[in-house]
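Shown next, in structure tokens, is the structure this report addresses.
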Amino acid sequence: MKGDGGNRESPRDRIFLRGLEVSGRFGVEGWERETDQPLLVDVEVFLDLSGAGEADRMEAALDYTVLAERVRGAVGSGASLLEAVAERAARAVLSLPGARACRVRVRKPTAALLLGAEDVACEVYREGM
């Protein structure tokens with residue numbers, strides 16, 4: 001995905017979706033692919049919210065349910081790398097009307113159990129065309 005080349009300023013308005021749980025077979029190790037594991041996806045969508053704020057009408061806003069469904073569908077039921085999951089989710093977010101950029105963080109709590117950490121995560125920032 002390309003950036004906008006600086007032709008327009010990225011909006012500072014944002015919609016957040018945090019902790020969307022998606023289950024699937026994620027990982028590079030064979031044992032990771034044997035049973036479903038949870039991933040937690042956090043999404044930050046950069047867009048202009050002034051129209052929705054002024055109109056106070058759903059037609060002018062980003063539908064949170066559609067956002068969650070698109071991300072869940074893009075993540076799918078499996079991948080080897082968190083980077084691939086984050087990239088898929090970012091592409092899905094940028095396909096939504098009005099989305100100019102997004103930040104997607106994919107967290108895998110079960111991977112961190114082996115490391116003694118809270119979770120392992122990958123974060124990407126992508127701009128629309």
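Chain labels run A, B, ... following the order of the structure tokens; each chain numbers its residues from 1, and ligands are numbered from 1 in the order shown.
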Near-Arg72 of chain A list (8 Å; only C-alpha atoms; drop same-chain fewer than 2 positions) as a PyMOL selection string: chain A and resi 20+22+68-70+74-76+89
Per-residue DSSP, segment 19-85 of chain A, filtered to helix (DSSP H, G or I), as a ChimeraX atom specification: /A:30-33,50-55,58-60,64-75,82-85
Residues within 9 Å of segment 43-59 of chain A, only C-alpha atoms, excluding chain neighbours under 4 positions, as an NGL selection string: :A and (10-20 or 63 or 71 or 89-90 or 93-94 or 98-106 or 127)
Once you have the residues from the selection above, write them out as a compact mmCIF listing (two decimals), in the first residue's frame, restricted to N, CA and C atoms.
```txt
# COMPACT_ATOMS: atom_id res chain seq x y z
N SER A 10 -2.82 13.94 6.65
CA SER A 10 -3.58 12.85 7.25
C SER A 10 -4.48 13.41 8.34
N PRO A 11 -5.71 12.94 8.40
CA PRO A 11 -6.62 13.45 9.43
C PRO A 11 -6.15 13.06 10.82
N ARG A 12 -6.49 13.86 11.77
CA ARG A 12 -6.15 13.55 13.16
C ARG A 12 -7.29 12.85 13.88
N ASP A 13 -8.45 12.80 13.24
CA ASP A 13 -9.60 12.11 13.83
C ASP A 13 -9.37 10.62 13.73
N ARG A 14 -9.82 9.90 14.76
CA ARG A 14 -9.57 8.45 14.77
C ARG A 14 -10.73 7.70 15.40
N ILE A 15 -10.92 6.51 14.91
CA ILE A 15 -11.83 5.53 15.51
C ILE A 15 -10.94 4.40 16.01
N PHE A 16 -11.22 3.90 17.21
CA PHE A 16 -10.45 2.81 17.80
C PHE A 16 -11.33 1.58 17.97
N LEU A 17 -10.77 0.44 17.68
CA LEU A 17 -11.38 -0.85 17.98
C LEU A 17 -10.30 -1.64 18.70
N ARG A 18 -10.56 -1.99 19.94
CA ARG A 18 -9.50 -2.64 20.74
C ARG A 18 -9.96 -4.00 21.24
N GLY A 19 -9.04 -4.94 21.18
CA GLY A 19 -9.28 -6.25 21.78
C GLY A 19 -10.23 -7.15 21.01
N LEU A 20 -10.32 -6.97 19.69
CA LEU A 20 -11.16 -7.86 18.89
C LEU A 20 -10.51 -9.24 18.89
N ASP A 63 -19.23 2.52 10.42
CA ASP A 63 -19.99 1.53 11.18
C ASP A 63 -19.01 0.59 11.90
N VAL A 71 -12.28 -6.76 9.65
CA VAL A 71 -11.00 -7.16 10.25
C VAL A 71 -11.02 -8.65 10.55
N ALA A 89 -5.26 -7.35 7.85
CA ALA A 89 -6.23 -6.51 8.56
C ALA A 89 -6.13 -5.06 8.10
N ALA A 90 -4.92 -4.54 7.91
CA ALA A 90 -4.74 -3.17 7.46
C ALA A 90 -5.35 -2.96 6.08
N VAL A 93 -9.10 -2.67 6.48
CA VAL A 93 -9.51 -1.38 7.06
C VAL A 93 -9.46 -0.29 6.00
N LEU A 94 -8.41 -0.27 5.21
CA LEU A 94 -8.27 0.78 4.21
C LEU A 94 -9.27 0.66 3.06
N GLY A 98 -13.80 6.30 3.46
CA GLY A 98 -13.32 7.37 4.34
C GLY A 98 -12.04 7.06 5.08
N ALA A 99 -11.62 5.80 5.14
CA ALA A 99 -10.40 5.44 5.86
C ALA A 99 -9.19 5.90 5.06
N ARG A 100 -8.40 6.79 5.65
CA ARG A 100 -7.22 7.31 4.95
C ARG A 100 -5.94 6.62 5.39
N ALA A 101 -5.93 6.16 6.63
CA ALA A 101 -4.75 5.47 7.17
C ALA A 101 -5.22 4.62 8.34
N CYS A 102 -4.37 3.69 8.74
CA CYS A 102 -4.72 2.87 9.90
C CYS A 102 -3.46 2.35 10.58
N ARG A 103 -3.64 2.03 11.83
CA ARG A 103 -2.61 1.36 12.61
C ARG A 103 -3.28 0.10 13.14
N VAL A 104 -2.63 -1.04 12.93
CA VAL A 104 -3.17 -2.32 13.37
C VAL A 104 -2.12 -3.00 14.24
N ARG A 105 -2.54 -3.42 15.41
CA ARG A 105 -1.66 -4.19 16.30
C ARG A 105 -2.31 -5.55 16.51
N VAL A 106 -1.54 -6.60 16.29
CA VAL A 106 -2.00 -7.97 16.49
C VAL A 106 -1.21 -8.55 17.66
N GLU A 127 -1.08 3.70 4.96
CA GLU A 127 -1.87 4.79 4.42
C GLU A 127 -2.56 4.31 3.15
```
Between atom CA of Gly78 of chain A and atom CA of Phe26 of chain A - distance in Å to one decimal: 5.0 Å
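In this model, the gap between atom CA of Leu39 of chain A and atom CA of Gly24 of chain A comes to 7.8 Å.
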DSSP strand (DSSP E) residues within segment 26-70 of chain A, as a PDB file with C-alpha atoms, in the first residue's frame:
```pdb
ATOM      1  CA  PHE A  26      -1.503 -19.010  14.055  1.00  0.00           C
ATOM      2  CA  GLN A  37      -5.464 -19.978  19.584  1.00  0.00           C
ATOM      3  CA  PRO A  38      -6.730 -16.468  20.293  1.00  0.00           C
ATOM      4  CA  LEU A  39      -5.324 -13.351  18.698  1.00  0.00           C
ATOM      5  CA  LEU A  40      -6.314  -9.893  19.902  1.00  0.00           C
ATOM      6  CA  VAL A  41      -6.486  -7.179  17.257  1.00  0.00           C
ATOM      7  CA  ASP A  42      -6.396  -3.454  17.984  1.00  0.00           C
ATOM      8  CA  VAL A  43      -7.262  -1.068  15.159  1.00  0.00           C
ATOM      9  CA  GLU A  44      -6.901   2.682  14.860  1.00  0.00           C
ATOM     10  CA  VAL A  45      -8.556   4.198  11.770  1.00  0.00           C
ATOM     11  CA  PHE A  46      -7.583   7.711  10.673  1.00  0.00           C
TER      12      PHE A  46
END
```
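If only C-alpha atoms are the atoms counted, then among A:Val120, A:Tyr64, A:Thr110, A:Glu21 the closest residue to Thr35 of chain A is A:Thr110.
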Selection: 9 Å around Ala111 of chain A, only C-alpha atoms, excl. self and same-chain fewer than 6 positions, as number ranges by chain: A: 27, 32, 117, 119-120
